[in-house]
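Shown next, in structure tokens, is the structure this report addresses.
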Amino acid sequence: MSEAAVSPVVSAEHLSKWYGQVIGLNDVSVAVPRGITGLLGPNGAGKSTFMKLITGQLKPSKGSVTVMGEPIWRNPSAYFRLGFCPEQDRFYERMTGREWVTALVGLNGVTESAAKDMAARAIDIVGLTDVADKKIAAYSKGMRQRIKLAQALVHDPELLILDEPLAGMDPLVRRKTIRLIKEWGRAGKSIIVSSHILHEIESMTPNILLINQGRILAEGNVHQIRDLIDEHPHTVFIRAERTRELAREFLSDDQVLSLRFEDGGVVVQTGRPDLFYSHVTELAASEAFGAIHEVTSPDDNLQAVFQYLVKS
Amino acid sequence: MTNPSVLSSAFRVFEFSFGQMLWSRRSVFLGLLVGAPMAIAFAVRMVAVTRGLPVINGAGLSGATLFGILIWLLFVRFIVPVLGVFYGTSLIADEVDDKTITYLFTRPVPRSAVLLGKYFSYLACVVLLVLPSVVVVYFLIVPIGSSIGESFPSLVADLGMLAVGLAAYGALFAFVGAQLKRPLIAGLVFAFGWESTVLLIPGYLKRLSVAYYLQALVPHVMPADSSAISALLQVFQELPTVATSLICLTAITVGALWLAGRAVETREYVLEQ
């Protein structure tokens, strides 16, 4: 195997980042291998700081970081090989999805016609061709997430860095997107994807970086930790077209420990989140209870899990 | 792959951001701002048609003189600095506030090219909107007791001077915007506090203002009365040559842009979550 094929895509040496007195990342040394890697941690764990450091948006306070063998801070040519899908739901709202993706890939120095072709291909990959000429302001949350993915992959980068890419997607689009990410991985791309939901990450890759309080707690194939996490009750919020009927269905589900209604949806506590999530996806696909608009897992879930893990 | 050049990247950013800037909410404000002199000029023309030449301090003003006053007081001392402050300080700040800067800073273009491209967009926007407004004001005001043919060369010089002023103020406030976290107040203090004050103070301090150099490019004679203040102003009215002004304004523009680019290259933008 060539050196490039085995060398890490991201390498950090004693990497730290401080925001004044606040520590965002603390002495992290890690080598992220090629393939798909999940970055898992609760809110405020340091995921976003790590993502910003490896995408060159922030300068390390201490230590160093290289991406595909090159430093990333103040190295714009590295972005030819890297695509980034940020977490924030912010856009140039007056542009259409097609205009936006075309304009962004134009910054890579391609000709106008090539930019149009590349944008059309990327939009097609994320399944937004039929709404490509609508203004982004009119997009649903799921569409906005997918157009962000399109701008990240439009120039066919070797490394994709995706910050919470599944947030706000309905179960079906979420499933499609997970499938896409796995396909890109199989096609030889390296992908670093962050989430605060273990089951999302696990459905894409067994290779996980666990991060909490600015430190990497564990890395690699973390089945043992996953088992521990599975033993911990997990809270899921679901909003559907017919929420009450859906809740009645959940009452007959052995995995459901409790449920309550909140903010027009139902909050379910489950002891087996993996089984519960697949049950929800099946229900969404069958539309037995109408469309399922939202499935979210609050951040404090993972925070509680981490507290539980640290204790155990 | 090699690092892309700043100028070619800036051109790509210009293509991306020009339409965004032209159709932004800020352009509505810009439209109102450049519309005001046209409304004033129209009103003056109506008054002149019905009541004759306007009179200031007992002396009748020709259209050319009145146009000169409008150019200096409205455009050079107010509209141009205001546009510079509001657009220049927001070139990067708007993208940071909107959290869209990530999309530009994670593309293979140097950060200074992002600033430069957006600066060119600003310049194109304001020149496209301000200069036609000046031309409309000219054709409304100058025919009042003056000849368009005679004063036409001064219109061309005015347009050039305003373009240079927009470039200099825009660059200066782009630097302020790139360097400070709360640039708007600092910009307004500079434009309407510092500049207005130093122009009235005898000595060298006025050389640290943009207005001082622009003043030398304004080819109009300001009306003066016999008051003590007017006499004092005439005494202290020391102007640089046109060549000196152009060199200094170019140096301010290029220097401020270089410093702004440097600030953007090295500064971290931490977006609030």
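Starting from 1 in every chain, residues are counted up; chains themselves are A, B, ... following the order of the structure tokens, and ligands are numbered from 1 as listed.
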For this session: Using only C-alpha atoms, select each residue of chain B with any atom at most 12 Å away from an atom of chain A, and give the selection as a ChimeraX atom specification.
Result: /B:1-6,8-21,23-25,94-114,117,262,264-273
For this session: Taking the chain letters and numbering used in this document, name the residues of range 209-297 of chain A that DSSP puts in alpha helix (DSSP H), as a PyMOL selection string.
Result: chain A and resi 223-231+243-251+273-286
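For the residues A:Thr96, A:Met51, A:Ile181, A:Lys141, ranking by smallest atom-to-atom distance to Val126 in chain A using only C-alpha atoms places A:Ile181 first.
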Exercise. Just asking: which residues within range 23-149 of chain A are strand (DSSP E) according to DSSP, as a ChimeraX atom specification?
Worked result: /A:23-32,36-40,62-67,70-71,82-85
For this session: Kindly indicate which residue among B:Ser27, B:Thr89, B:Thr50, B:Gln215 lies nearest to Ala260 in chain B, using only C-alpha atoms for the distances.
Result: B:Thr89
For this session: Tell me, as an MDAnalysis selection string, which residues lie within 6 Å of range 257-266 of chain A, counting only C-alpha atoms; anything in the same chain fewer than 4 positions away does not count.
Result: chainID A and resid 237:239 270
Take the selection from the previous step and output its residues with C-alpha atoms, as a CSV table (one decimal), in the first residue's frame.
```csv
chain,number,residue,atom,x,y,z
A,237,PHE,CA,-38.5,13.8,20.6
A,238,ILE,CA,-40.8,13.0,17.7
A,239,ARG,CA,-43.2,15.3,15.9
A,270,THR,CA,-36.2,4.1,25.5
```
For this session: Please measure the separation of CA of Lys189 in chain A and CA of Leu53 in chain A, giving the value in Å to one decimal.
Result: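 Calculated distance between CA of Lys189 in chain A and CA of Leu53 in chain A is 20.2 Å.
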Problem set entry | Shell of 12 Å around Val164 in chain B, only C-alpha atoms, local chain residues under 5 positions omitted, as a PyMOL selection string | chain B and resi 76+80-81+84+123+126-127+131+157-159+169-171+210-211+213-215+217-218+245-254
For this session: Write out as JSON, numbers by chain each polymer residue whose atoms come within 10 Å of Phe42 in chain B, counting only C-alpha atoms; drop sequence neighbours fewer than 3 positions from it.
Result: {"B": [36, 37, 38, 39, 45, 46, 47, 48, 136, 137, 139, 140, 141]}
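Of note, CA of Thr281 in chain A and CA of Asp254 in chain A are spaced 16.5 Å apart.
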For this session: Find the spatial neighbours of range 162-172 of chain A, counting only C-alpha atoms, within a cut-off of 7 Å - ignore same-chain residues fewer than 3 positions away - and output them as a ChimeraX atom specification.
Result: /A:84-87,141-142,145,175-176,192-195,281,284-285,292-295
Problem set entry | Neighbour list for range 32-46 of chain A as a PyMOL selection string, cut-off 8 Å, only C-alpha atoms, skip fewer than 4 positions in-chain | chain A and resi 5-11+24-25+50+182+185-186+188-198+201-202+204-215+299-303+306
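Nearest residue to Ser146 in chain B among B:Leu53, B:Ala191, B:Leu22, B:Leu7 is B:Leu53, counting only C-alpha atoms.
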For this session: Find the distance between CA of Tyr139 in chain A and CA of Ala291 in chain A and write it in Å to one decimal.
Result: 17.3 Å
